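> First the structure, then my questions, so here it is.
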Amino acid sequence: MNRFQFVADHRDTFEVKRLCEIVQVTRSSFYAWLAAAPARAARRAADAVLGERIRTIHSQDRAQGVPRITAELNDGAPVDGRVNHKRVARVMRQEKIAGLRLRRRVRTTVPEPADQTVPDLLNRDFTAPEPNQRYVGDITYLPIADGTNLYLATVLDCFSRRLAGWAVAEHMRTDLITDALHAARDTRGSLAGAVFHSDHGAQYTSQAFAQVCAESGVTQSMGAVGTSADNALAESFNASLKRETLQGGHAWPDAATCRREVFRWVTRYNTRRRSLGVRDLLQDVARSG
């Protein structure tokens with residue numbers, strides 16, 4: 001029990017001076033605490049209201065954590081009505097509300113020596129002044145209940161964070177990533193002059209993919225080997241997709257359900273989902289493991 005509260009609860013029976021001596025607090029500190037009681041009550045009431053707002057937002061998408069819930073709360077709010085992310089985090093802890101997390105279990109990046117060195121043209125700057133200039137991509141596994149996996153390849157536009165192209169298959173051969181790049185090319189009409197950034201997976205360092213990029217007028221870019229932060233936008237996308245579609249589960253019941261739910265999520269992501277800033281992307285990658 002709070003020592004000041006103990007004094008307050010028993011001050012009608014015993015002297016405040018004696019009670020303060022017993023619990024080892026000064027009378028001035030107790031009276032200061034007592035004077036602040038209305039402010040504490042008002043803060044608790046405000047936190048309760050905020051907690052209900054957070055719970056409402058979280059119930060619509062259980063994967064949302066502090067950054068996105070804070071952004072939703074502040075969306076359109078006046079300056080004096082905005083809330084700090086630290087307060088949102090504190091209230092979420094009090095209310096036992098947390099976003100979903102799913103740790104990476106399957107290795108999809110298998111480094112392979114390339115015939116030529118590909119530079120890092122992004123240097124962790126996952127922005128672009130216009131659409132169709134900078135893209136990032138990655139492969140992630142999609143676990144199925146029978147122990148098998150589907151694999152998703154992505155092509156994300158750094159300007160809008162939209163998923164311009166993607167492909168799902170039962171394998172992660174080079175065909176998977178070329179299909180995703182072709183899908184982006186078909187969506188945008190042309191990728192000529194664009195940069196495509198990836199990790200050093202064997203698929204991305206292959207001669208076949210280099211040829212497809214050259215034919216499409218795409219310049220390749222790659223981060224350092226073994227550094228997920230160098231491809232944080234793509235890594236964050238993968239982590240978010242699995243958190244928000246699996247909703248805490250370990251696998252989809254079957255491949256057809258997996259494909260259907262991924263398609264539904266991708267449609268929502270491209271049309272309604274709030275994007276993260278660069279700092280949040282790096283934090284999201286760190287949390288996803």
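If you're wondering about the labels, chains in the structure tokens are A, B, ... by order shown, residues count from 1 in each chain, ligands from 1 in order shown.
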Got a sec: who's within 9 Å of Asp175 in chain A, counting only C-alpha atoms, leaving out chain neighbours fewer than 5 positions off, as JSON, numbers by chain?

{"A": [180, 203, 208, 209]}

> Could you turn the residues from that selection into a file that holds C-alpha atoms, as a short mmCIF file (atom, residue, chain, number, x, y, z; two decimals), in the first residue's frame?


```
data_model
loop_
_atom_site.label_atom_id
_atom_site.label_comp_id
_atom_site.auth_asym_id
_atom_site.auth_seq_id
_atom_site.Cartn_x
_atom_site.Cartn_y
_atom_site.Cartn_z
CA ALA A 180 6.88 -10.37 -58.35
CA GLN A 203 17.68 -15.58 -55.71
CA ALA A 208 18.74 -14.94 -64.05
CA PHE A 209 17.38 -12.14 -61.84
#
```

> Work out how far CA of Phe159 in chain A is from CA of Glu130 in chain A, in Å to one decimal.

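We find that CA of Glu130 in chain A and CA of Phe159 in chain A lie 5.9 Å from each other.
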
> So that I can check the secondary structure, give me every residue of range 93-197 of chain A assigned alpha helix (DSSP H) by backbone DSSP, as a ChimeraX atom specification.

/A:93-94,174-188

> Just to be explicit: take each residue in the selection above, keep C-alpha atoms, and write the result as a tab-separated table (two decimals), in the first residue's frame.


```tsv
chain	number	residue	atom	x	y	z
A	93	ARG	CA	0.50	-1.63	-20.03
A	94	GLN	CA	-2.06	-0.77	-17.35
A	174	THR	CA	14.34	-17.25	-58.71
A	175	ASP	CA	11.06	-17.55	-60.65
A	176	LEU	CA	9.25	-16.36	-57.51
A	177	ILE	CA	11.02	-13.00	-57.36
A	178	THR	CA	10.96	-12.46	-61.12
A	179	ASP	CA	7.20	-13.03	-61.08
A	180	ALA	CA	6.88	-10.37	-58.35
A	181	LEU	CA	9.02	-7.93	-60.35
A	182	HIS	CA	7.02	-8.59	-63.51
A	183	ALA	CA	3.81	-7.97	-61.54
A	184	ALA	CA	5.19	-4.58	-60.43
A	185	ARG	CA	6.18	-3.77	-64.01
A	186	ASP	CA	2.68	-4.63	-65.22
A	187	THR	CA	1.12	-2.52	-62.47
A	188	ARG	CA	3.30	0.53	-63.20
```

> Return the single residue from A:Ala45, A:Ala256, A:Ala35, A:Ala251 that is closest to Gly147 in chain A, with distances computed using only C-alpha atoms.

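Nearest to Gly147 in chain A: A:Ala251.
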
> Would you list the contacts of Asp47 in chain A as JSON, numbers by chain, taking every protein, DNA or RNA residue within 10 Å and counting only C-alpha atoms, but skipping same-chain residues closer than 2 positions in sequence?

{"A": [41, 42, 43, 44, 45, 49, 50, 51, 52, 53, 87, 88, 90, 91, 92, 94, 95]}

> Keeping only C-alpha atoms, take the residues you just selected and write them out as a PDB file, in the first residue's frame.


```
ATOM      1  CA  ALA A  41      -8.074  11.568  -9.636  1.00  0.00           C
ATOM      2  CA  ALA A  42      -8.526  13.661 -12.772  1.00  0.00           C
ATOM      3  CA  ARG A  43      -5.505  11.969 -14.378  1.00  0.00           C
ATOM      4  CA  ARG A  44      -6.876   8.510 -13.538  1.00  0.00           C
ATOM      5  CA  ALA A  45     -10.219   9.455 -15.045  1.00  0.00           C
ATOM      6  CA  VAL A  49     -11.172   7.398 -21.054  1.00  0.00           C
ATOM      7  CA  LEU A  50      -7.958   7.045 -23.065  1.00  0.00           C
ATOM      8  CA  GLY A  51      -7.875   3.340 -22.251  1.00  0.00           C
ATOM      9  CA  GLU A  52     -11.339   2.887 -23.745  1.00  0.00           C
ATOM     10  CA  ARG A  53     -10.293   4.740 -26.896  1.00  0.00           C
ATOM     11  CA  ARG A  87       1.484   7.900 -22.172  1.00  0.00           C
ATOM     12  CA  VAL A  88      -0.135   5.550 -24.682  1.00  0.00           C
ATOM     13  CA  ARG A  90       1.812   3.367 -20.074  1.00  0.00           C
ATOM     14  CA  VAL A  91      -1.962   3.130 -20.413  1.00  0.00           C
ATOM     15  CA  MET A  92      -1.641   0.082 -22.683  1.00  0.00           C
ATOM     16  CA  GLN A  94      -2.058  -0.774 -17.354  1.00  0.00           C
ATOM     17  CA  GLU A  95      -4.907  -2.104 -19.494  1.00  0.00           C
TER      18      GLU A  95
END
```

> If you run DSSP on this backbone, which residues of range 99-239 of chain A come out as strand (DSSP E), and could you give them as a ChimeraX atom specification?

/A:134-143,149-157,163-169,195-198,219-222

> Counting only C-alpha atoms, what is within 12 Å of Asn149 in chain A, bar same-chain residues fewer than 5 positions away, as a list in words?

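Surrounding residues, per the criterion: Arg105, Val106, Arg107, Thr108, Thr140, Tyr141, Leu142, Pro143, Ile144, Val168, Ala169, Glu170, His171, Met172, His250, Ala251, Trp252, Pro253, Asp254, Ala255, Ala256, Cys258 and Arg259 of chain A.
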
> Grab the CA of Gln60 in chain A to CA of Glu72 in chain A distance for me, in Å with one decimal place.

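The value is 11.7 Å.
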